[in-house]
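Asks: Quick one: this structure, given as C-alpha cells, is what I'll be asking you about.
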Amino acid sequence: MDPKSLLARPARTILHRYEKRDTILYALGVGAGHDKGGRELSFVYEPDLSALPTMAVILAYPGFWQMEPEYGIDWRRVLHAEQSCIFHQPLPVEGEVRGEFRIDAIVDKGAEKGCLLRATRTIYDQSDGALLATVRQVSFLRGDGGCGSHGEALPAPRKVPDRKPDAILVADTRPEQALIYRLSGDLNPLHVDPAVAAAGGLERPILHGLCTYGFAGRMILSWACEGRPERLAGLDCRFTAPVYPGETLEVALWRVAPDGIAFQVRSAERGVVVLDCGWASLRC
C-alpha cells in the first residue's frame, strides 16, 4: 500500500438513485416499525414518509472498495473501526444523490500494529446540489502497518461519562436482521454465510456494524429528538465487538450538554460493549 498515492487520488464520484421503498427497507433493516406507540410509522409508511438520518451511510455507498487491487490494501485483515456522520439537512425519501469519495488520512501504528485509514464521502442532492451529509469511516488495516502516516491527525474519540446513565433503552434485533439489512447494499457474506463466519473465527454470522449504528441512531432520535430527523445533527461511535442477530441491545444515554448526548451500546446477553465512545450532536 502506498499512502501518498492513495491520498493523491482524485475524488471518486458515485451516483445513486433510490425510491421510497429503499428508504422503507433501510428503516426495517435497522429495526424500525414495531414500536408500541407507533412513533416510527413515518419511517416505514408512505403517506407521511421520512428518512432516518443514519440512512446516509448507505447512500452513494462505494461497496467494499478496500478489496479493489488498485488500493493495494490487505483487505482480508480490514476491520471497521469508527463511524462518523454529519447530517446537514434531512434526507430526501427518494431521488438521486451524488457521493464524492476520497481517502484523507492514514495513521501508521507500526509494522506489527497496522494502521488506521479514514475515508470521507460527501453526499449531495443531485437535483439542486445541496449538501446532505458528510460520512466518515475509519478502517483498521491490520496488515498494512509500517507504511507511514499521511494526512491530518485523527481526533481522539470521546469517552462516555463515568457515572450512571440518564437512560438505558432496550431494542431487540431479529434473528434475520442481517438478512434484511444486507438488502440495503452491504452484501458481505460474513453476515450471512456460516462457513465464511467460521473462517473469520466467529461462531456464526454477525450483524453489520452499521446496522447496530442505525439501531443506536433510532433510539437517540426517539429519546432526545422527539423522533424528528431534522434535530439529529451528527452521530459518531467506535465499533468494539460484534453483535449476533437476535441479541438484545442496551443503549445507555448520557445528556452531557443541551446539544450533545454521549452513548454506549451493549449486548444484553453477553454483557459486552459493542459500540463505545458514542456522541450524538443535536439541533436544539
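Simple scheme: letters A, B, ... for chains in C-alpha cells order, numbers from 1 for residues in each chain, numbers from 1 for ligands in the order shown.
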Please provide as number ranges by chain all residues within 12 Å of Ala216 of chain A, with the sequence filter that same-chain residues fewer than 5 positions apart are discarded (counting only C-alpha atoms).

Replies: A: 30-32, 52-54, 168-173, 209-211, 221-224, 235-237, 249-253, 261-266, 274-276, 278-280

Asks: Which residues, written as a list of chain:residue names, have at least one atom at most 6 Å from Cys277 of chain A, with only C-alpha atoms counted and residues fewer than 3 positions away on the same chain left out?

Replies: A:Pro157, A:Arg158, A:Lys159, A:Val160, A:Cys237, A:Arg238

Asks: Based on DSSP run over this structure's backbone, return all residues of segment 95-232 of chain A in strand (DSSP E), as an MDAnalysis selection string.

Replies: chainID A and resid 95:108 115:125 131:141 150:151 167:172 232

Asks: Within 6 Å of segment 87-100 of chain A, which residues of segment 10-47 of chain A show up? Give each one with its shortest atom-to-atom distance in Å (one decimal) and the two atoms involved, counting only C-alpha atoms, rows by chain then rising residue number, as a Markdown table.

Replies:
| residue | atom | partner | partner_atom | distance |
| --- | --- | --- | --- | --- |
| A:Ala11 | CA | A:Glu100 | CA | 5.8 |
| A:Arg12 | CA | A:Glu100 | CA | 5.6 |
| A:Thr13 | CA | A:Glu100 | CA | 4.8 |
| A:Ile14 | CA | A:Gly99 | CA | 4.9 |
| A:Leu15 | CA | A:Arg98 | CA | 4.6 |
| A:His16 | CA | A:Val97 | CA | 5.3 |
| A:Arg17 | CA | A:Glu96 | CA | 4.1 |
| A:Tyr18 | CA | A:Glu94 | CA | 5.5 |
| A:Glu19 | CA | A:Glu94 | CA | 4.5 |
| A:Lys20 | CA | A:Glu94 | CA | 5.3 |

Asks: Would you write out those residues with N, CA and C atoms, as a compact mmCIF listing (two decimals), in the first residue's frame?

Replies:
# COMPACT_ATOMS: atom_id res chain seq x y z
N ALA A 11 -11.06 12.51 -6.20
CA ALA A 11 -12.30 12.03 -5.60
C ALA A 11 -13.03 11.11 -6.57
N ARG A 12 -13.60 10.07 -6.02
CA ARG A 12 -14.38 9.11 -6.81
C ARG A 12 -15.85 9.50 -6.71
N THR A 13 -16.49 9.70 -7.86
CA THR A 13 -17.89 10.14 -7.87
C THR A 13 -18.81 8.93 -8.02
N ILE A 14 -19.82 8.87 -7.18
CA ILE A 14 -20.78 7.77 -7.18
C ILE A 14 -22.18 8.35 -7.25
N LEU A 15 -22.96 7.96 -8.24
CA LEU A 15 -24.34 8.38 -8.36
C LEU A 15 -25.25 7.27 -7.86
N HIS A 16 -26.28 7.64 -7.14
CA HIS A 16 -27.17 6.65 -6.53
C HIS A 16 -28.59 7.16 -6.61
N ARG A 17 -29.43 6.44 -7.35
CA ARG A 17 -30.86 6.76 -7.41
C ARG A 17 -31.60 5.75 -6.52
N TYR A 18 -32.52 6.25 -5.72
CA TYR A 18 -33.27 5.37 -4.83
C TYR A 18 -34.73 5.81 -4.76
N GLU A 19 -35.57 4.88 -4.30
CA GLU A 19 -37.00 5.12 -4.24
C GLU A 19 -37.50 5.04 -2.80
N LYS A 20 -38.78 5.35 -2.60
CA LYS A 20 -39.35 5.30 -1.26
C LYS A 20 -39.23 3.90 -0.65

Asks: Distance atom CA of Pro229 of chain A-atom CA of Ala51 of chain A, one decimal place?

Replies: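 Computing it gives 7.5 Å between the two atoms.
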
Asks: Find the residues near segment 70-79 of chain A: any atom within 8 Å, counting only C-alpha atoms, skip ones fewer than 4 places away on the same chain, and give them as a list in words.

Replies: Met1, Asp2, Leu6, Gln66, Ser139, Phe140, Leu141, Arg142, Gly143 and Asp144 of chain A

Asks: Keeping C-alpha atoms, export the residues of the selection given above as a tab-separated table (two decimals), in the first residue's frame.

Replies:
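Contents of the output file again13.tsv:
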chain	number	residue	atom	x	y	z
A	1	MET	CA	0.00	0.00	0.00
A	2	ASP	CA	1.30	3.45	-0.96
A	6	LEU	CA	-3.93	6.93	-2.03
A	66	GLN	CA	-10.69	-1.95	0.07
A	139	SER	CA	-10.86	1.36	8.97
A	140	PHE	CA	-8.24	-0.59	10.90
A	141	LEU	CA	-5.86	-2.12	8.35
A	142	ARG	CA	-4.22	-4.82	10.43
A	143	GLY	CA	-1.94	-5.98	7.61
A	144	ASP	CA	-0.64	-2.60	6.40

Asks: With only C-alpha atoms as the basis for distance, which of A:Val138, A:Ala268, A:Ala195, A:Ala233 is at the shortest distance from Pro155 of chain A?

Replies: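 Going through A:Val138, A:Ala268, A:Ala195, A:Ala233 one by one, the smallest distance to Pro155 of chain A is for A:Val138.
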
Asks: Could you name the residues that touch His191 of chain A at 9 Å or less, counting only C-alpha atoms, but leaving out those on the same chain fewer than 2 positions away, as a VMD selection string?

Replies: chain A and resid 178 to 179 182 187 to 189 193 to 194 196 to 197 204 to 208

Asks: Restrict the selected residues to N, CA and C atoms and save them as a short mmCIF file (atom, residue, chain, number, x, y, z; two decimals), in the first residue's frame.

Replies:
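Output contents, as saved in selection-v5.cif:
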data_model
loop_
_atom_site.label_atom_id
_atom_site.label_comp_id
_atom_site.auth_asym_id
_atom_site.auth_seq_id
_atom_site.Cartn_x
_atom_site.Cartn_y
_atom_site.Cartn_z
N ALA A 178 -29.74 -9.35 9.89
CA ALA A 178 -28.68 -9.14 8.90
C ALA A 178 -29.17 -9.45 7.49
N LEU A 179 -30.09 -10.40 7.36
CA LEU A 179 -30.62 -10.75 6.04
C LEU A 179 -31.45 -9.60 5.47
N ARG A 182 -28.80 -6.38 4.76
CA ARG A 182 -27.91 -6.54 3.62
C ARG A 182 -28.56 -6.11 2.31
N LEU A 187 -23.36 -6.51 1.00
CA LEU A 187 -23.56 -7.93 0.70
C LEU A 187 -22.42 -8.81 1.20
N ASN A 188 -21.61 -8.32 2.11
CA ASN A 188 -20.50 -9.12 2.65
C ASN A 188 -21.04 -10.44 3.20
N PRO A 189 -20.53 -11.59 2.71
CA PRO A 189 -21.05 -12.89 3.17
C PRO A 189 -20.78 -13.19 4.63
N ASP A 193 -23.24 -16.14 5.65
CA ASP A 193 -22.74 -17.50 5.40
C ASP A 193 -22.00 -18.03 6.63
N PRO A 194 -22.49 -19.10 7.27
CA PRO A 194 -21.81 -19.65 8.46
C PRO A 194 -20.38 -20.08 8.18
N VAL A 196 -18.23 -18.72 6.04
CA VAL A 196 -17.39 -17.52 5.99
C VAL A 196 -17.16 -16.99 7.40
N ALA A 197 -18.21 -16.99 8.22
CA ALA A 197 -18.07 -16.53 9.60
C ALA A 197 -17.08 -17.41 10.37
N ARG A 204 -20.87 -17.70 14.43
CA ARG A 204 -21.92 -17.64 13.41
C ARG A 204 -21.90 -16.26 12.77
N PRO A 205 -22.66 -16.04 11.69
CA PRO A 205 -22.67 -14.72 11.05
C PRO A 205 -23.05 -13.61 12.03
N ILE A 206 -22.42 -12.46 11.85
CA ILE A 206 -22.64 -11.33 12.74
C ILE A 206 -23.47 -10.25 12.05
N LEU A 207 -24.03 -9.38 12.87
CA LEU A 207 -24.78 -8.25 12.35
C LEU A 207 -23.81 -7.21 11.80
N HIS A 208 -24.22 -6.51 10.75
CA HIS A 208 -23.42 -5.41 10.22
C HIS A 208 -23.23 -4.34 11.31
#

Asks: Between A:Leu116, A:Ile103, A:Leu183, A:Met219, which residue has the minimum interatomic distance to Thr23 of chain A, considering only C-alpha atoms?

Replies: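 Looking only at the distances to Thr23 of chain A, the closest residue turns out to be A:Leu183.
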
Asks: Using backbone DSSP assignments, extract all alpha helix (DSSP H) residues from segment 112-266 of chain A; output them as an MDAnalysis selection string.

Replies: chainID A and resid 177:181 194:199 209:224

Asks: Restrict the selected residues to C-alpha atoms and save them as a PDB file, in the first residue's frame.

Replies:
ATOM      1  CA  GLN A 177     -31.869  -8.840  10.967  1.00  0.00           C
ATOM      2  CA  ALA A 178     -28.685  -9.144   8.897  1.00  0.00           C
ATOM      3  CA  LEU A 179     -30.622 -10.749   6.045  1.00  0.00           C
ATOM      4  CA  ILE A 180     -32.858  -7.679   5.908  1.00  0.00           C
ATOM      5  CA  TYR A 181     -30.122  -5.084   6.370  1.00  0.00           C
ATOM      6  CA  PRO A 194     -21.813 -19.647   8.455  1.00  0.00           C
ATOM      7  CA  ALA A 195     -18.752 -21.014   6.643  1.00  0.00           C
ATOM      8  CA  VAL A 196     -17.392 -17.518   5.986  1.00  0.00           C
ATOM      9  CA  ALA A 197     -18.069 -16.530   9.598  1.00  0.00           C
ATOM     10  CA  ALA A 198     -16.286 -19.644  10.890  1.00  0.00           C
ATOM     11  CA  ALA A 199     -13.269 -18.897   8.682  1.00  0.00           C
ATOM     12  CA  GLY A 209     -21.774  -2.775  12.400  1.00  0.00           C
ATOM     13  CA  LEU A 210     -23.678  -0.074  10.541  1.00  0.00           C
ATOM     14  CA  CYS A 211     -26.913  -1.881  11.347  1.00  0.00           C
ATOM     15  CA  THR A 212     -26.099  -1.589  15.064  1.00  0.00           C
ATOM     16  CA  TYR A 213     -25.196   2.057  14.382  1.00  0.00           C
ATOM     17  CA  GLY A 214     -28.650   2.531  12.849  1.00  0.00           C
ATOM     18  CA  PHE A 215     -30.329   0.963  15.886  1.00  0.00           C
ATOM     19  CA  ALA A 216     -28.470   3.410  18.154  1.00  0.00           C
ATOM     20  CA  GLY A 217     -29.479   6.313  15.941  1.00  0.00           C
ATOM     21  CA  ARG A 218     -33.137   5.309  16.173  1.00  0.00           C
ATOM     22  CA  MET A 219     -33.020   5.122  19.961  1.00  0.00           C
ATOM     23  CA  ILE A 220     -31.375   8.549  20.235  1.00  0.00           C
ATOM     24  CA  LEU A 221     -33.827  10.056  17.749  1.00  0.00           C
ATOM     25  CA  SER A 222     -36.713   8.824  19.892  1.00  0.00           C
ATOM     26  CA  TRP A 223     -35.263   9.771  23.297  1.00  0.00           C
ATOM     27  CA  ALA A 224     -33.612  13.107  22.539  1.00  0.00           C
TER      28      ALA A 224
END

Asks: Could you tell me how far atom CA of Leu232 of chain A sits from atom CA of Gly151 of chain A, in Å to one decimal place?

Replies: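 It comes out at 28.7 Å.
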
Asks: Kindly give the distance, in Å, that separates atom CA of Asp35 of chain A and atom CA of Ser50 of chain A, rounded to a single decimal.

Replies: 16.0 Å

Asks: Between A:Glu269, A:Glu203, A:Glu230, A:Glu247, which has the minimum distance to Cys284 of chain A (counting only C-alpha atoms)?

Replies: A:Glu230

Asks: Counting only C-alpha atoms, what is within 9 Å of Ile123 of chain A, bar same-chain residues fewer than 3 positions away, as number ranges by chain?

Replies: A: 56, 59-60, 97-101, 126, 130-135

Asks: Please write the residues from the selection above to a file, keeping N, CA and C atoms, as a PDB file, in the first residue's frame.

Replies:
ATOM      1  N   ALA A  56     -27.913   7.861   5.612  1.00  0.00           N
ATOM      2  CA  ALA A  56     -26.807   8.454   4.863  1.00  0.00           C
ATOM      3  C   ALA A  56     -25.669   7.465   4.650  1.00  0.00           C
ATOM      4  N   LEU A  59     -26.083   5.679   1.281  1.00  0.00           N
ATOM      5  CA  LEU A  59     -26.260   6.460   0.057  1.00  0.00           C
ATOM      6  C   LEU A  59     -24.921   6.659  -0.648  1.00  0.00           C
ATOM      7  N   ALA A  60     -24.930   6.466  -1.969  1.00  0.00           N
ATOM      8  CA  ALA A  60     -23.704   6.562  -2.770  1.00  0.00           C
ATOM      9  C   ALA A  60     -22.594   5.702  -2.171  1.00  0.00           C
ATOM     10  N   VAL A  97     -28.735  11.001  -5.543  1.00  0.00           N
ATOM     11  CA  VAL A  97     -27.683  11.688  -4.812  1.00  0.00           C
ATOM     12  C   VAL A  97     -26.344  11.420  -5.487  1.00  0.00           C
ATOM     13  N   ARG A  98     -25.398  12.300  -5.185  1.00  0.00           N
ATOM     14  CA  ARG A  98     -24.029  12.158  -5.689  1.00  0.00           C
ATOM     15  C   ARG A  98     -23.084  12.092  -4.506  1.00  0.00           C
ATOM     16  N   GLY A  99     -22.244  11.078  -4.488  1.00  0.00           N
ATOM     17  CA  GLY A  99     -21.243  10.958  -3.454  1.00  0.00           C
ATOM     18  C   GLY A  99     -19.867  11.259  -4.000  1.00  0.00           C
ATOM     19  N   GLU A 100     -19.091  12.065  -3.275  1.00  0.00           N
ATOM     20  CA  GLU A 100     -17.695  12.342  -3.626  1.00  0.00           C
ATOM     21  C   GLU A 100     -16.836  11.676  -2.558  1.00  0.00           C
ATOM     22  N   PHE A 101     -16.137  10.615  -2.964  1.00  0.00           N
ATOM     23  CA  PHE A 101     -15.436   9.730  -2.033  1.00  0.00           C
ATOM     24  C   PHE A 101     -13.926   9.896  -2.173  1.00  0.00           C
ATOM     25  N   GLN A 126     -28.532  15.461  -6.043  1.00  0.00           N
ATOM     26  CA  GLN A 126     -28.163  15.683  -7.441  1.00  0.00           C
ATOM     27  C   GLN A 126     -29.098  16.674  -8.125  1.00  0.00           C
ATOM     28  N   ALA A 130     -27.514  20.491  -3.169  1.00  0.00           N
ATOM     29  CA  ALA A 130     -27.476  20.734  -1.723  1.00  0.00           C
ATOM     30  C   ALA A 130     -26.664  19.660  -1.013  1.00  0.00           C
ATOM     31  N   LEU A 131     -25.836  20.081  -0.061  1.00  0.00           N
ATOM     32  CA  LEU A 131     -25.051  19.138   0.746  1.00  0.00           C
ATOM     33  C   LEU A 131     -25.968  18.487   1.773  1.00  0.00           C
ATOM     34  N   LEU A 132     -26.047  17.163   1.738  1.00  0.00           N
ATOM     35  CA  LEU A 132     -26.941  16.416   2.626  1.00  0.00           C
ATOM     36  C   LEU A 132     -26.218  15.833   3.832  1.00  0.00           C
ATOM     37  N   ALA A 133     -25.060  15.224   3.600  1.00  0.00           N
ATOM     38  CA  ALA A 133     -24.377  14.544   4.702  1.00  0.00           C
ATOM     39  C   ALA A 133     -22.889  14.416   4.401  1.00  0.00           C
ATOM     40  N   THR A 134     -22.115  14.373   5.469  1.00  0.00           N
ATOM     41  CA  THR A 134     -20.688  14.047   5.387  1.00  0.00           C
ATOM     42  C   THR A 134     -20.482  12.766   6.187  1.00  0.00           C
ATOM     43  N   VAL A 135     -20.018  11.724   5.506  1.00  0.00           N
ATOM     44  CA  VAL A 135     -19.889  10.398   6.108  1.00  0.00           C
ATOM     45  C   VAL A 135     -18.407  10.034   6.174  1.00  0.00           C
TER      46      VAL A 135
END

Asks: Quick one: of A:Arg174, A:Thr120, A:Ser184, A:Arg283, who's nearest to Tyr244 of chain A, counting only C-alpha atoms?

Replies: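 Result for the nearest residue to Tyr244 of chain A: A:Arg174.
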